[in-house]
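File shown: entry.tsv. Contents: TSV, N, CA and C atoms.
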```tsv
chain	number	residue	atom	x	y	z
Y	1	MET	N	-24.40	16.05	-5.67
Y	1	MET	CA	-24.76	14.67	-5.46
Y	1	MET	C	-25.32	14.13	-6.77
Y	2	SER	N	-24.94	12.93	-7.10
Y	2	SER	CA	-25.42	12.30	-8.33
Y	2	SER	C	-26.77	11.67	-8.09
Y	3	ALA	N	-27.38	11.23	-9.18
Y	3	ALA	CA	-28.69	10.59	-9.08
Y	3	ALA	C	-28.63	9.30	-8.26
Y	4	ALA	N	-27.47	8.69	-8.18
Y	4	ALA	CA	-27.33	7.43	-7.44
Y	4	ALA	C	-27.17	7.66	-5.94
Y	5	GLY	N	-27.12	8.93	-5.50
Y	5	GLY	CA	-27.00	9.21	-4.07
Y	5	GLY	C	-25.59	9.06	-3.54
Y	6	THR	N	-24.61	9.42	-4.33
Y	6	THR	CA	-23.22	9.31	-3.90
Y	6	THR	C	-22.54	10.65	-4.02
Y	7	LEU	N	-21.54	10.86	-3.20
Y	7	LEU	CA	-20.73	12.06	-3.24
Y	7	LEU	C	-19.26	11.66	-3.37
Y	8	PRO	N	-18.46	12.44	-4.10
Y	8	PRO	CA	-17.02	12.15	-4.12
Y	8	PRO	C	-16.43	12.39	-2.73
Y	9	LEU	N	-15.50	11.55	-2.34
Y	9	LEU	CA	-14.83	11.75	-1.06
Y	9	LEU	C	-13.90	12.94	-1.16
Y	10	PRO	N	-13.95	13.87	-0.21
Y	10	PRO	CA	-13.04	15.01	-0.25
Y	10	PRO	C	-11.61	14.56	-0.04
Y	11	GLY	N	-10.70	15.20	-0.74
Y	11	GLY	CA	-9.28	14.91	-0.57
Y	11	GLY	C	-8.79	13.68	-1.30
Y	12	THR	N	-9.63	13.02	-2.09
Y	12	THR	CA	-9.16	11.86	-2.83
Y	12	THR	C	-8.55	12.31	-4.13
Y	13	ARG	N	-7.62	11.53	-4.63
Y	13	ARG	CA	-6.95	11.87	-5.86
Y	13	ARG	C	-7.75	11.46	-7.08
Y	14	SER	N	-8.59	10.47	-6.95
Y	14	SER	CA	-9.36	10.04	-8.11
Y	14	SER	C	-10.81	10.45	-7.92
Y	15	SER	N	-11.36	11.09	-8.92
Y	15	SER	CA	-12.72	11.59	-8.80
Y	15	SER	C	-13.75	10.48	-8.91
Y	16	ASN	N	-13.33	9.27	-9.31
Y	16	ASN	CA	-14.30	8.19	-9.43
Y	16	ASN	C	-14.47	7.40	-8.14
Y	17	ARG	N	-13.75	7.73	-7.10
Y	17	ARG	CA	-13.92	7.05	-5.81
Y	17	ARG	C	-15.09	7.71	-5.09
Y	18	LEU	N	-16.08	6.92	-4.75
Y	18	LEU	CA	-17.30	7.46	-4.18
Y	18	LEU	C	-17.56	6.90	-2.80
Y	19	CYS	N	-18.31	7.64	-2.05
Y	19	CYS	CA	-18.71	7.22	-0.71
Y	19	CYS	C	-20.23	7.14	-0.68
Y	20	ARG	N	-20.77	6.02	-0.28
Y	20	ARG	CA	-22.22	5.86	-0.23
Y	20	ARG	C	-22.79	6.61	0.96
Y	21	LEU	N	-23.97	7.16	0.75
Y	21	LEU	CA	-24.69	7.83	1.83
Y	21	LEU	C	-25.79	6.91	2.33
Y	22	THR	N	-25.87	6.79	3.64
Y	22	THR	CA	-26.92	5.98	4.24
Y	22	THR	C	-27.59	6.80	5.32
Y	23	LYS	N	-28.82	7.23	5.08
Y	23	LYS	CA	-29.59	8.01	6.05
Y	23	LYS	C	-28.78	9.19	6.57
Y	24	GLY	N	-28.15	9.93	5.67
Y	24	GLY	CA	-27.45	11.15	6.06
Y	24	GLY	C	-26.04	10.96	6.56
Y	25	THR	N	-25.55	9.72	6.65
Y	25	THR	CA	-24.18	9.50	7.09
Y	25	THR	C	-23.42	8.76	6.01
Y	26	LYS	N	-22.14	8.99	5.93
Y	26	LYS	CA	-21.37	8.27	4.93
Y	26	LYS	C	-20.70	7.05	5.54
Y	27	GLN	N	-20.58	6.02	4.75
Y	27	GLN	CA	-19.96	4.78	5.19
Y	27	GLN	C	-18.45	4.97	5.16
Y	28	MET	N	-17.78	4.59	6.24
Y	28	MET	CA	-16.34	4.75	6.33
Y	28	MET	C	-15.68	3.37	6.42
Y	29	ALA	N	-14.44	3.31	5.98
Y	29	ALA	CA	-13.68	2.07	6.08
Y	29	ALA	C	-13.44	1.72	7.55
Y	30	ASP	N	-13.23	0.44	7.83
Y	30	ASP	CA	-12.99	-0.02	9.19
Y	30	ASP	C	-11.53	0.11	9.63
Y	31	PHE	N	-10.68	0.60	8.73
Y	31	PHE	CA	-9.27	0.80	9.03
Y	31	PHE	C	-8.75	1.90	8.11
Y	32	THR	N	-7.60	2.42	8.46
Y	32	THR	CA	-7.03	3.52	7.68
Y	32	THR	C	-5.93	3.02	6.75
Y	33	ALA	N	-5.56	3.88	5.81
Y	33	ALA	CA	-4.44	3.57	4.92
Y	33	ALA	C	-3.15	3.44	5.74
Y	34	GLU	N	-3.04	4.21	6.80
Y	34	GLU	CA	-1.84	4.13	7.65
Y	34	GLU	C	-1.74	2.77	8.34
Y	35	GLN	N	-2.90	2.25	8.78
Y	35	GLN	CA	-2.90	0.92	9.40
Y	35	GLN	C	-2.51	-0.15	8.37
Y	36	ALA	N	-3.01	-0.02	7.16
Y	36	ALA	CA	-2.65	-0.97	6.11
Y	36	ALA	C	-1.16	-0.88	5.80
Y	37	ARG	N	-0.63	0.35	5.72
Y	37	ARG	CA	0.80	0.54	5.46
Y	37	ARG	C	1.64	-0.05	6.60
Y	38	ASP	N	1.18	0.11	7.83
Y	38	ASP	CA	1.90	-0.48	8.97
Y	38	ASP	C	1.98	-2.00	8.83
Y	39	ASN	N	0.90	-2.64	8.36
Y	39	ASN	CA	0.93	-4.09	8.15
Y	39	ASN	C	1.98	-4.47	7.11
Y	40	LEU	N	2.21	-3.60	6.14
Y	40	LEU	CA	3.21	-3.89	5.11
Y	40	LEU	C	4.63	-3.89	5.65
Y	41	LYS	N	4.83	-3.33	6.82
Y	41	LYS	CA	6.16	-3.37	7.43
Y	41	LYS	C	6.54	-4.78	7.88
Y	42	ASN	N	5.58	-5.70	7.80
Y	42	ASN	CA	5.85	-7.11	8.11
Y	42	ASN	C	6.23	-7.91	6.87
Y	43	VAL	N	6.30	-7.25	5.73
Y	43	VAL	CA	6.68	-7.90	4.47
Y	43	VAL	C	8.12	-7.50	4.17
Y	44	TYR	N	8.98	-8.50	4.09
Y	44	TYR	CA	10.40	-8.25	3.89
Y	44	TYR	C	10.84	-8.69	2.50
Y	45	ASP	N	11.71	-7.90	1.90
Y	45	ASP	CA	12.34	-8.33	0.66
Y	45	ASP	C	13.26	-9.50	1.03
Y	46	PRO	N	13.00	-10.70	0.50
Y	46	PRO	CA	13.75	-11.87	0.94
Y	46	PRO	C	15.24	-11.83	0.59
Y	47	GLU	N	15.61	-11.05	-0.40
Y	47	GLU	CA	17.03	-10.98	-0.78
Y	47	GLU	C	17.79	-9.95	0.03
Y	48	ILE	N	17.09	-8.89	0.47
Y	48	ILE	CA	17.76	-7.80	1.18
Y	48	ILE	C	17.53	-7.88	2.68
Y	49	GLY	N	16.38	-8.41	3.10
Y	49	GLY	CA	16.09	-8.58	4.52
Y	49	GLY	C	15.57	-7.33	5.21
Y	50	ILE	N	15.03	-6.39	4.44
Y	50	ILE	CA	14.45	-5.16	4.99
Y	50	ILE	C	13.01	-5.07	4.51
Y	51	ASN	N	12.15	-4.52	5.35
Y	51	ASN	CA	10.74	-4.47	4.96
Y	51	ASN	C	10.53	-3.54	3.76
Y	52	ILE	N	9.47	-3.84	3.00
Y	52	ILE	CA	9.24	-3.14	1.73
Y	52	ILE	C	8.86	-1.68	1.91
Y	53	VAL	N	8.34	-1.30	3.07
Y	53	VAL	CA	8.02	0.11	3.31
Y	53	VAL	C	9.31	0.89	3.49
Y	54	ASP	N	10.21	0.40	4.36
Y	54	ASP	CA	11.48	1.10	4.59
Y	54	ASP	C	12.38	1.06	3.36
Y	55	LEU	N	12.22	0.04	2.54
Y	55	LEU	CA	12.99	0.01	1.28
Y	55	LEU	C	12.51	1.05	0.28
Y	56	GLY	N	11.30	1.58	0.49
Y	56	GLY	CA	10.76	2.56	-0.42
Y	56	GLY	C	10.04	1.95	-1.60
Y	57	LEU	N	9.67	0.67	-1.49
Y	57	LEU	CA	8.98	0.00	-2.58
Y	57	LEU	C	7.49	0.32	-2.63
Y	58	VAL	N	6.92	0.75	-1.52
Y	58	VAL	CA	5.48	1.06	-1.47
Y	58	VAL	C	5.29	2.54	-1.77
Y	59	TYR	N	4.62	2.82	-2.88
Y	59	TYR	CA	4.38	4.20	-3.29
Y	59	TYR	C	3.08	4.76	-2.72
Y	60	ASP	N	2.04	3.93	-2.62
Y	60	ASP	CA	0.76	4.42	-2.15
Y	60	ASP	C	-0.08	3.26	-1.63
Y	61	VAL	N	-0.90	3.55	-0.63
Y	61	VAL	CA	-1.88	2.60	-0.12
Y	61	VAL	C	-3.20	3.35	-0.07
Y	62	ASP	N	-4.20	2.82	-0.75
Y	62	ASP	CA	-5.50	3.45	-0.80
Y	62	ASP	C	-6.55	2.49	-0.24
Y	63	VAL	N	-7.39	2.98	0.65
Y	63	VAL	CA	-8.45	2.17	1.24
Y	63	VAL	C	-9.79	2.79	0.84
Y	64	SER	N	-10.66	1.99	0.27
Y	64	SER	CA	-11.98	2.49	-0.13
Y	64	SER	C	-12.95	2.42	1.05
Y	65	ASP	N	-14.09	3.04	0.88
Y	65	ASP	CA	-15.11	3.02	1.93
Y	65	ASP	C	-15.69	1.63	2.14
Y	66	THR	N	-15.42	0.69	1.22
Y	66	THR	CA	-15.90	-0.69	1.37
Y	66	THR	C	-14.77	-1.63	1.79
Y	67	ASN	N	-13.68	-1.07	2.32
Y	67	ASN	CA	-12.55	-1.82	2.86
Y	67	ASN	C	-11.71	-2.53	1.80
Y	68	ASP	N	-11.82	-2.11	0.54
Y	68	ASP	CA	-10.93	-2.62	-0.49
Y	68	ASP	C	-9.61	-1.88	-0.37
Y	69	VAL	N	-8.51	-2.58	-0.62
Y	69	VAL	CA	-7.19	-1.98	-0.50
Y	69	VAL	C	-6.48	-2.07	-1.84
Y	70	LEU	N	-5.91	-0.96	-2.26
Y	70	LEU	CA	-5.06	-0.91	-3.44
Y	70	LEU	C	-3.67	-0.49	-3.00
Y	71	VAL	N	-2.70	-1.37	-3.19
Y	71	VAL	CA	-1.30	-1.08	-2.87
Y	71	VAL	C	-0.59	-0.84	-4.19
Y	72	THR	N	-0.05	0.35	-4.36
Y	72	THR	CA	0.75	0.69	-5.54
Y	72	THR	C	2.21	0.64	-5.11
Y	73	MET	N	2.96	-0.21	-5.78
Y	73	MET	CA	4.35	-0.42	-5.36
Y	73	MET	C	5.20	-0.81	-6.55
Y	74	THR	N	6.48	-0.92	-6.30
Y	74	THR	CA	7.43	-1.37	-7.30
Y	74	THR	C	8.29	-2.46	-6.69
Y	75	LEU	N	9.22	-2.95	-7.47
Y	75	LEU	CA	10.22	-3.90	-6.99
Y	75	LEU	C	11.59	-3.28	-7.24
Y	76	THR	N	12.62	-3.86	-6.65
Y	76	THR	CA	13.95	-3.27	-6.80
Y	76	THR	C	14.47	-3.37	-8.23
Y	77	SER	N	13.94	-4.33	-8.99
Y	77	SER	CA	14.33	-4.43	-10.41
Y	77	SER	C	13.19	-5.08	-11.19
Y	78	LEU	N	13.14	-4.78	-12.47
Y	78	LEU	CA	12.09	-5.30	-13.33
Y	78	LEU	C	12.09	-6.83	-13.36
Y	79	GLY	N	13.26	-7.43	-13.33
Y	79	GLY	CA	13.36	-8.89	-13.40
Y	79	GLY	C	13.48	-9.56	-12.05
Y	80	CYS	N	12.97	-8.93	-11.00
Y	80	CYS	CA	13.09	-9.49	-9.65
Y	80	CYS	C	12.46	-10.88	-9.62
Y	81	PRO	N	13.26	-11.92	-9.37
Y	81	PRO	CA	12.72	-13.28	-9.40
Y	81	PRO	C	11.74	-13.58	-8.27
Y	82	LEU	N	11.79	-12.82	-7.21
Y	82	LEU	CA	10.90	-13.07	-6.07
Y	82	LEU	C	9.71	-12.12	-6.04
Y	83	GLY	N	9.47	-11.40	-7.13
Y	83	GLY	CA	8.34	-10.48	-7.21
Y	83	GLY	C	7.01	-11.14	-6.87
Y	84	PRO	N	6.69	-12.29	-7.46
Y	84	PRO	CA	5.41	-12.94	-7.13
Y	84	PRO	C	5.29	-13.31	-5.64
Y	85	VAL	N	6.40	-13.66	-5.03
Y	85	VAL	CA	6.39	-13.99	-3.59
Y	85	VAL	C	6.08	-12.74	-2.78
Y	86	ILE	N	6.70	-11.63	-3.12
Y	86	ILE	CA	6.47	-10.38	-2.40
Y	86	ILE	C	5.02	-9.94	-2.56
Y	87	VAL	N	4.48	-10.02	-3.77
Y	87	VAL	CA	3.08	-9.64	-4.01
Y	87	VAL	C	2.15	-10.50	-3.17
Y	88	GLN	N	2.40	-11.80	-3.09
Y	88	GLN	CA	1.58	-12.69	-2.27
Y	88	GLN	C	1.67	-12.32	-0.79
Y	89	GLU	N	2.86	-11.97	-0.34
Y	89	GLU	CA	3.03	-11.59	1.06
Y	89	GLU	C	2.34	-10.27	1.37
Y	90	VAL	N	2.30	-9.36	0.40
Y	90	VAL	CA	1.56	-8.10	0.58
Y	90	VAL	C	0.08	-8.42	0.80
Y	91	THR	N	-0.47	-9.27	-0.04
Y	91	THR	CA	-1.87	-9.67	0.09
Y	91	THR	C	-2.11	-10.33	1.44
Y	92	SER	N	-1.24	-11.20	1.85
Y	92	SER	CA	-1.38	-11.89	3.14
Y	92	SER	C	-1.30	-10.91	4.31
Y	93	ALA	N	-0.43	-9.90	4.21
Y	93	ALA	CA	-0.27	-8.93	5.29
Y	93	ALA	C	-1.56	-8.13	5.52
Y	94	MET	N	-2.34	-7.96	4.48
Y	94	MET	CA	-3.60	-7.21	4.61
Y	94	MET	C	-4.68	-8.03	5.31
Y	95	SER	N	-4.54	-9.36	5.34
Y	95	SER	CA	-5.59	-10.24	5.87
Y	95	SER	C	-5.89	-10.00	7.34
Y	96	GLU	N	-5.01	-9.35	8.06
Y	96	GLU	CA	-5.23	-9.09	9.48
Y	96	GLU	C	-6.12	-7.88	9.74
Y	97	LEU	N	-6.43	-7.11	8.68
Y	97	LEU	CA	-7.26	-5.92	8.83
Y	97	LEU	C	-8.72	-6.30	9.00
Y	98	PRO	N	-9.48	-5.56	9.83
Y	98	PRO	CA	-10.88	-5.92	10.09
Y	98	PRO	C	-11.78	-5.72	8.87
Y	99	ASN	N	-12.63	-6.70	8.60
Y	99	ASN	CA	-13.63	-6.62	7.52
Y	99	ASN	C	-13.00	-6.27	6.17
Y	100	LEU	N	-11.87	-6.86	5.89
Y	100	LEU	CA	-11.13	-6.59	4.66
Y	100	LEU	C	-11.95	-6.96	3.45
Y	101	GLY	N	-11.95	-6.06	2.46
Y	101	GLY	CA	-12.59	-6.34	1.17
Y	101	GLY	C	-11.56	-6.96	0.23
Y	102	ASP	N	-11.56	-6.52	-1.00
Y	102	ASP	CA	-10.61	-7.02	-2.00
Y	102	ASP	C	-9.26	-6.33	-1.83
Y	103	VAL	N	-8.20	-7.05	-2.14
Y	103	VAL	CA	-6.85	-6.49	-2.12
Y	103	VAL	C	-6.30	-6.56	-3.53
Y	104	ASP	N	-5.79	-5.45	-4.01
Y	104	ASP	CA	-5.18	-5.39	-5.33
Y	104	ASP	C	-3.79	-4.80	-5.17
Y	105	VAL	N	-2.81	-5.46	-5.77
Y	105	VAL	CA	-1.44	-4.96	-5.75
Y	105	VAL	C	-1.10	-4.54	-7.17
Y	106	LYS	N	-0.82	-3.27	-7.32
Y	106	LYS	CA	-0.49	-2.72	-8.63
Y	106	LYS	C	1.01	-2.46	-8.69
Y	107	LEU	N	1.70	-3.23	-9.53
Y	107	LEU	CA	3.14	-3.03	-9.71
Y	107	LEU	C	3.36	-1.97	-10.78
Y	108	VAL	N	4.17	-0.99	-10.46
Y	108	VAL	CA	4.50	0.08	-11.40
Y	108	VAL	C	6.02	0.18	-11.53
Y	109	TRP	N	6.46	0.71	-12.63
Y	109	TRP	CA	7.91	0.82	-12.88
Y	109	TRP	C	8.36	2.27	-13.01
Y	110	SER	N	7.44	3.18	-12.83
Y	110	SER	CA	7.77	4.59	-12.89
Y	110	SER	C	7.10	5.28	-11.71
Y	111	PRO	N	7.86	5.93	-10.87
Y	111	PRO	CA	9.30	6.11	-11.00
Y	111	PRO	C	10.04	4.82	-10.65
Y	112	ALA	N	11.16	4.66	-11.29
Y	112	ALA	CA	12.00	3.48	-11.02
Y	112	ALA	C	12.55	3.58	-9.60
Y	113	TRP	N	12.64	2.42	-8.94
Y	113	TRP	CA	13.17	2.40	-7.58
Y	113	TRP	C	14.66	2.69	-7.61
Y	114	SER	N	15.11	3.38	-6.58
Y	114	SER	CA	16.55	3.59	-6.38
Y	114	SER	C	16.81	3.59	-4.88
Y	115	PRO	N	18.06	3.37	-4.47
Y	115	PRO	CA	18.38	3.36	-3.03
Y	115	PRO	C	18.04	4.68	-2.34
Y	116	ASP	N	17.92	5.76	-3.10
Y	116	ASP	CA	17.54	7.04	-2.51
Y	116	ASP	C	16.15	7.01	-1.89
Y	117	MET	N	15.33	6.03	-2.26
Y	117	MET	CA	13.95	5.92	-1.76
Y	117	MET	C	13.88	5.23	-0.40
Y	118	MET	N	14.98	4.67	0.06
Y	118	MET	CA	14.98	3.95	1.34
Y	118	MET	C	14.89	4.92	2.51
Y	119	SER	N	14.29	4.45	3.58
Y	119	SER	CA	14.24	5.24	4.81
Y	119	SER	C	15.65	5.31	5.41
Y	120	GLU	N	15.82	6.24	6.33
Y	120	GLU	CA	17.11	6.37	7.00
Y	120	GLU	C	17.46	5.09	7.77
Y	121	ASP	N	16.44	4.46	8.39
Y	121	ASP	CA	16.67	3.21	9.12
Y	121	ASP	C	17.18	2.12	8.19
Y	122	ALA	N	16.60	2.02	6.99
Y	122	ALA	CA	17.04	1.00	6.03
Y	122	ALA	C	18.46	1.27	5.58
Y	123	ARG	N	18.77	2.53	5.32
Y	123	ARG	CA	20.14	2.88	4.91
Y	123	ARG	C	21.15	2.53	6.00
Y	124	ASP	N	20.78	2.84	7.25
Y	124	ASP	CA	21.67	2.53	8.38
Y	124	ASP	C	21.90	1.02	8.48
Y	125	GLU	N	20.82	0.26	8.32
Y	125	GLU	CA	20.93	-1.20	8.43
Y	125	GLU	C	21.82	-1.78	7.34
Y	126	LEU	N	21.77	-1.18	6.15
Y	126	LEU	CA	22.59	-1.65	5.03
Y	126	LEU	C	23.95	-0.99	4.96
Y	127	GLY	N	24.20	-0.03	5.86
Y	127	GLY	CA	25.49	0.65	5.86
Y	127	GLY	C	25.65	1.65	4.72
Y	128	ILE	N	24.54	2.21	4.26
Y	128	ILE	CA	24.57	3.22	3.19
Y	128	ILE	C	24.37	4.59	3.84
Y	129	TRP	N	25.33	5.48	3.57
Y	129	TRP	CA	25.20	6.84	4.15
Y	129	TRP	C	25.00	7.84	3.09
```
Here is the file; what I need is its structure written in the form of structure tokens.
Amino acid sequence: MSAAGTLPLPGTRSSNRLCRLTKGTKQMADFTAEQARDNLKNVYDPEIGINIVDLGLVYDVDVSDTNDVLVTMTLTSLGCPLGPVIVQEVTSAMSELPNLGDVDVKLVWSPAWSPDMMSEDARDELGIW
């Protein structure tokens, strides 16, 4: 435990993510990363018509103990003209979560997206086998 009274959360990938202790109990988020990811299934790529989760555009969803959400994702191409629209819709999709903190969408280009990242349902819908 550090002098500030915090402990690293077990199982987290980043050692700088901390959980505050309050009278012997740790503060937990009001929703899970899975619930946040489920909300992202309501965000559709406007050109393809399939949700961004099934397209394989969402790489990670992280929820902090203070209900902040970090969505790490990519787009189908670097020059995607509707990228800003998709990012805004991701932020809007999170608004339904209880006691939501800050939402940050981190666009990454590595690994590059490919059709191999799509779910089986998305492939079936697009006729890709």
Next item on the list: Using only C-alpha atoms, find the one residue out of Y:Ile128, Y:Leu75, Y:Val105, Y:Leu97 that sits nearest to Y:Asn51.
Entry: Y:Leu75
Checklist line | Nearest-residue call for Y:Asp116, choices Y:Asn39, Y:Thr32, Y:Glu47, Y:Gly56, using all atoms listed in the file | finding: Y:Gly56
Next item on the list: Can you work out the spacing between atom CA of Y:Val87 and atom N of Y:Asp124 in Å, to one decimal?
Entry: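 Distance reported for this atom pair: 24.4 Å.
Candidate residues Y:Gly101, Y:Val85, Y:Arg37, Y:Ser110 were compared for distance to Y:Met73, and the nearest is Y:Ser110, using only N, CA and C atoms.
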Next item on the list: Have a look at atom C of Y:Asp102 and atom N of Y:Ile86 and let me know their distance in Å, one decimal.
Entry: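 Between these atoms lies a distance of 16.9 Å.
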Next item on the list: Name all residues at most 8 Å from Y:Lys41 (count all atoms listed in the file; drop same-chain ones fewer than 2 positions away) and give them as a list in words.
Entry: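 Counting only the stated atoms, we get Ala36, Arg37, Asp38, Asn39, Val43, Tyr44, Ile50, Asn51, Ile52, Val53, Asp54 and Ala93 of chain Y.
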Selection export as an mmCIF file, in the coordinates of the input, atoms kept: N, CA and C atoms:
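Produced file result-v2.cif, reproduced below:
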```cif
data_model
loop_
_atom_site.group_PDB
_atom_site.id
_atom_site.type_symbol
_atom_site.label_atom_id
_atom_site.label_comp_id
_atom_site.auth_asym_id
_atom_site.auth_seq_id
_atom_site.Cartn_x
_atom_site.Cartn_y
_atom_site.Cartn_z
ATOM 1 N N ALA Y 36 -3.010 -0.020 7.160
ATOM 2 C CA ALA Y 36 -2.650 -0.970 6.110
ATOM 3 C C ALA Y 36 -1.160 -0.880 5.800
ATOM 4 N N ARG Y 37 -0.630 0.350 5.720
ATOM 5 C CA ARG Y 37 0.800 0.540 5.460
ATOM 6 C C ARG Y 37 1.640 -0.050 6.600
ATOM 7 N N ASP Y 38 1.180 0.110 7.830
ATOM 8 C CA ASP Y 38 1.900 -0.480 8.970
ATOM 9 C C ASP Y 38 1.980 -2.000 8.830
ATOM 10 N N ASN Y 39 0.900 -2.640 8.360
ATOM 11 C CA ASN Y 39 0.930 -4.090 8.150
ATOM 12 C C ASN Y 39 1.980 -4.470 7.110
ATOM 13 N N VAL Y 43 6.300 -7.250 5.730
ATOM 14 C CA VAL Y 43 6.680 -7.900 4.470
ATOM 15 C C VAL Y 43 8.120 -7.500 4.170
ATOM 16 N N TYR Y 44 8.980 -8.500 4.090
ATOM 17 C CA TYR Y 44 10.400 -8.250 3.890
ATOM 18 C C TYR Y 44 10.840 -8.690 2.500
ATOM 19 N N ILE Y 50 15.030 -6.390 4.440
ATOM 20 C CA ILE Y 50 14.450 -5.160 4.990
ATOM 21 C C ILE Y 50 13.010 -5.070 4.510
ATOM 22 N N ASN Y 51 12.150 -4.520 5.350
ATOM 23 C CA ASN Y 51 10.740 -4.470 4.960
ATOM 24 C C ASN Y 51 10.530 -3.540 3.760
ATOM 25 N N ILE Y 52 9.470 -3.840 3.000
ATOM 26 C CA ILE Y 52 9.240 -3.140 1.730
ATOM 27 C C ILE Y 52 8.860 -1.680 1.910
ATOM 28 N N VAL Y 53 8.340 -1.300 3.070
ATOM 29 C CA VAL Y 53 8.020 0.110 3.310
ATOM 30 C C VAL Y 53 9.310 0.890 3.490
ATOM 31 N N ASP Y 54 10.210 0.400 4.360
ATOM 32 C CA ASP Y 54 11.480 1.100 4.590
ATOM 33 C C ASP Y 54 12.380 1.060 3.360
ATOM 34 N N ALA Y 93 -0.430 -9.900 4.210
ATOM 35 C CA ALA Y 93 -0.270 -8.930 5.290
ATOM 36 C C ALA Y 93 -1.560 -8.130 5.520
#
```
Next item on the list: Tell me, in Å to one decimal, how far atom CA of Y:Lys106 is from atom C of Y:Thr72.
Entry: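 Atom-to-atom, atom CA of Y:Lys106 to atom C of Y:Thr72, that is 5.6 Å.
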Note to self: Could you pull out the strand (DSSP E or B) residues of stretch 49-91 of chain Y, going by DSSP on the backbone, and write them as a ChimeraX atom specification?
What the structure shows: /Y:51,58-63,69-73
Checklist line | Protein/DNA/RNA residues near (-6.7, -3.6, -5.1), cut 5 Å, all atoms listed in the file, as a list in words | finding: Val69, Leu70, Val71, Asp102, Val103, Asp104 and Val105 of chain Y
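Between Y:Met118 and the candidates Y:Leu40, Y:Ala29, Y:Ile48, Y:Leu55, the tightest atom-to-atom separation, counting only N, CA and C atoms, involves Y:Leu55.
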Item checked: Of the listed residues Y:Leu107, Y:Ala122, Y:Leu100, Y:Met117, that which approaches Y:Asp68 most closely, counting all atoms listed in the file ->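 Comparing Y:Leu107, Y:Ala122, Y:Leu100, Y:Met117 against Y:Asp68, the winner is Y:Leu100.
The residue that comes closest to Y:Gln27, out of Y:Val58, Y:Thr74, Y:Pro84, Y:Thr66 and on the basis of all atoms listed in the file, is Y:Thr66.
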